[in-house]
Amino acid sequence: MADEALFLLLHNEMVSGVYKSAEQGEVVSAAKALEENGRCITKLENMGFRVGQGLIERFTKDTARFKDELDIMKFICKDFWTTVFKKQIDNLRTNHQYLAFTCGLIRGGLSNLGIKSIVTAEVSSMPA
């Protein structure tokens with residue numbers, strides 16, 4: 001429980017810090033604001049990518065090599081996800097701000113396991 005709270009606090013500070021550093025520059029138009037938002041999302045995704053690489057390296061150092069991509073996806077969906085988020089992947093409810101970091105986390109993990117991927121998030125409806 002304490003680990004989860006620490007992760008949430010750290011993530012909130014990362015998101016806040018990235019967006020605050022972007023706000024220090026003057027935004028002239030809506031197009032520039034969208035561009036800056038895109039840069040923030042990219043920065044968060046890249047942070048998640050590096051964290052995902054490191055976590056996969058740590059979690060798999062004592063395990064046997066995976067046989068195929070199906071074994072890798074099972075590991076990502078069961079072991080990796082549950083260890084990081086303390087929830088099953090089908091039960092995760094998250095704030096939309098978490099999506100960039102989380103996509104990077106999964107992409108970095110898959111990359112370190114030898115799978116090149118594009119990870120995107122889909123939000124069917126915003127949380128109420």
# chains A, B, ... in the order shown; residues from 1 in each chain; ligands from 1
$ select_by_dssp --residues "stretch 1-123 of chain A" --states "alpha helix (DSSP H)" --output "number ranges by chain"
A: 2-23, 30-60, 69-74, 81-85, 98-112
$ residues_around --residues "stretch 16-18 of chain A" --least-positions-apart "2" --cutoff "10 Å" --atoms "only C-alpha atoms" --output "PyMOL selection string"
chain A and resi 10-14+20-23+37+39-41+43-44+97
$ closest_residue --among "A:Ala30, A:Val84, A:Ala64, A:Leu55" --to "A:Leu110" --atoms "only C-alpha atoms"
A:Leu55
$ closest_residue --among "A:Ala33, A:Met47, A:Leu105, A:Cys77" --to "A:Val15" --atoms "only C-alpha atoms"
A:Met47
$ residues_around --residues "A:Arg58" --least-positions-apart "5" --cutoff "12 Å" --atoms "only C-alpha atoms" --output "ChimeraX atom specification"
/A:51-53,63,80,83,109,112-113
$ write_last_selection --atoms "C-alpha atoms" --output "PDB file, in the first residue's frame"
ATOM      1  CA  VAL A  51      11.742   3.035 -16.484  1.00  0.00           C
ATOM      2  CA  GLY A  52      10.134   0.107 -18.344  1.00  0.00           C
ATOM      3  CA  GLN A  53      13.509  -0.984 -19.699  1.00  0.00           C
ATOM      4  CA  THR A  63      14.119 -16.077 -15.191  1.00  0.00           C
ATOM      5  CA  PHE A  80       5.054  -7.117 -14.936  1.00  0.00           C
ATOM      6  CA  THR A  83       4.080  -5.964  -9.917  1.00  0.00           C
ATOM      7  CA  GLY A 109       9.613  -3.249 -21.317  1.00  0.00           C
ATOM      8  CA  ASN A 112      14.126  -4.692 -23.611  1.00  0.00           C
ATOM      9  CA  LEU A 113      12.580  -8.100 -24.349  1.00  0.00           C
TER      10      LEU A 113
END
$ residues_around --residues "A:Cys103" --least-positions-apart "3" --cutoff "9 Å" --atoms "only C-alpha atoms" --output "PyMOL selection string"
chain A and resi 45+48-49+98-100+106-108+118-121
$ closest_residue --among "A:Tyr19, A:Leu70, A:Ser29, A:Phe85" --to "A:Leu6" --atoms "only C-alpha atoms"
A:Phe85
$ decode --residues "stretch 61-125 of chain A" --atoms "C-alpha atoms" --output "mmCIF file, in the first residue's frame"
data_model
loop_
_atom_site.group_PDB
_atom_site.id
_atom_site.type_symbol
_atom_site.label_atom_id
_atom_site.label_comp_id
_atom_site.auth_asym_id
_atom_site.auth_seq_id
_atom_site.Cartn_x
_atom_site.Cartn_y
_atom_site.Cartn_z
ATOM 1 C CA LYS A 61 17.392 -11.334 -14.566
ATOM 2 C CA ASP A 62 16.725 -14.654 -12.802
ATOM 3 C CA THR A 63 14.119 -16.077 -15.191
ATOM 4 C CA ALA A 64 14.544 -18.408 -18.132
ATOM 5 C CA ARG A 65 14.491 -16.925 -21.614
ATOM 6 C CA PHE A 66 11.009 -16.589 -23.112
ATOM 7 C CA LYS A 67 10.119 -19.071 -25.875
ATOM 8 C CA ASP A 68 8.049 -16.754 -28.060
ATOM 9 C CA GLU A 69 6.120 -13.498 -28.189
ATOM 10 C CA LEU A 70 3.084 -15.089 -26.541
ATOM 11 C CA ASP A 71 5.158 -15.908 -23.439
ATOM 12 C CA ILE A 72 6.449 -12.337 -23.397
ATOM 13 C CA MET A 73 2.928 -10.902 -23.574
ATOM 14 C CA LYS A 74 1.766 -13.222 -20.792
ATOM 15 C CA PHE A 75 4.671 -12.025 -18.650
ATOM 16 C CA ILE A 76 3.896 -8.355 -19.406
ATOM 17 C CA CYS A 77 0.159 -8.742 -18.704
ATOM 18 C CA LYS A 78 0.394 -10.917 -15.604
ATOM 19 C CA ASP A 79 3.690 -10.499 -13.787
ATOM 20 C CA PHE A 80 5.054 -7.117 -14.936
ATOM 21 C CA TRP A 81 1.761 -5.204 -14.800
ATOM 22 C CA THR A 82 0.699 -6.693 -11.481
ATOM 23 C CA THR A 83 4.080 -5.964 -9.917
ATOM 24 C CA VAL A 84 4.089 -2.344 -11.077
ATOM 25 C CA PHE A 85 0.430 -1.389 -10.556
ATOM 26 C CA LYS A 86 -0.706 -3.923 -7.928
ATOM 27 C CA LYS A 87 -3.788 -4.581 -10.083
ATOM 28 C CA GLN A 88 -4.651 -6.941 -12.905
ATOM 29 C CA ILE A 89 -4.359 -5.365 -16.310
ATOM 30 C CA ASP A 90 -8.091 -5.714 -17.078
ATOM 31 C CA ASN A 91 -9.041 -3.959 -13.843
ATOM 32 C CA LEU A 92 -6.809 -0.896 -14.114
ATOM 33 C CA ARG A 93 -8.614 2.408 -13.808
ATOM 34 C CA THR A 94 -6.304 5.335 -14.268
ATOM 35 C CA ASN A 95 -6.227 9.062 -14.738
ATOM 36 C CA HIS A 96 -5.647 10.028 -18.390
ATOM 37 C CA GLN A 97 -2.442 11.842 -17.394
ATOM 38 C CA TYR A 98 -0.933 8.469 -16.579
ATOM 39 C CA LEU A 99 -1.343 7.200 -20.100
ATOM 40 C CA ALA A 100 1.800 8.702 -21.646
ATOM 41 C CA PHE A 101 4.055 7.367 -18.897
ATOM 42 C CA THR A 102 2.287 3.986 -18.884
ATOM 43 C CA CYS A 103 2.540 3.599 -22.663
ATOM 44 C CA GLY A 104 6.246 4.354 -22.407
ATOM 45 C CA LEU A 105 6.596 1.868 -19.558
ATOM 46 C CA ILE A 106 5.088 -0.941 -21.631
ATOM 47 C CA ARG A 107 7.016 0.031 -24.797
ATOM 48 C CA GLY A 108 10.289 0.138 -22.863
ATOM 49 C CA GLY A 109 9.613 -3.249 -21.317
ATOM 50 C CA LEU A 110 8.796 -4.810 -24.668
ATOM 51 C CA SER A 111 11.846 -3.182 -26.229
ATOM 52 C CA ASN A 112 14.126 -4.692 -23.611
ATOM 53 C CA LEU A 113 12.580 -8.100 -24.349
ATOM 54 C CA GLY A 114 13.395 -7.708 -28.050
ATOM 55 C CA ILE A 115 9.981 -6.642 -29.378
ATOM 56 C CA LYS A 116 9.744 -3.390 -31.318
ATOM 57 C CA SER A 117 6.303 -1.950 -30.719
ATOM 58 C CA ILE A 118 4.063 1.057 -30.847
ATOM 59 C CA VAL A 119 1.964 1.357 -27.712
ATOM 60 C CA THR A 120 -1.089 3.585 -27.750
ATOM 61 C CA ALA A 121 -3.851 4.174 -25.249
ATOM 62 C CA GLU A 122 -7.531 4.415 -25.990
ATOM 63 C CA VAL A 123 -9.921 6.238 -23.697
ATOM 64 C CA SER A 124 -13.540 5.433 -24.474
ATOM 65 C CA SER A 125 -14.847 7.973 -21.966
#
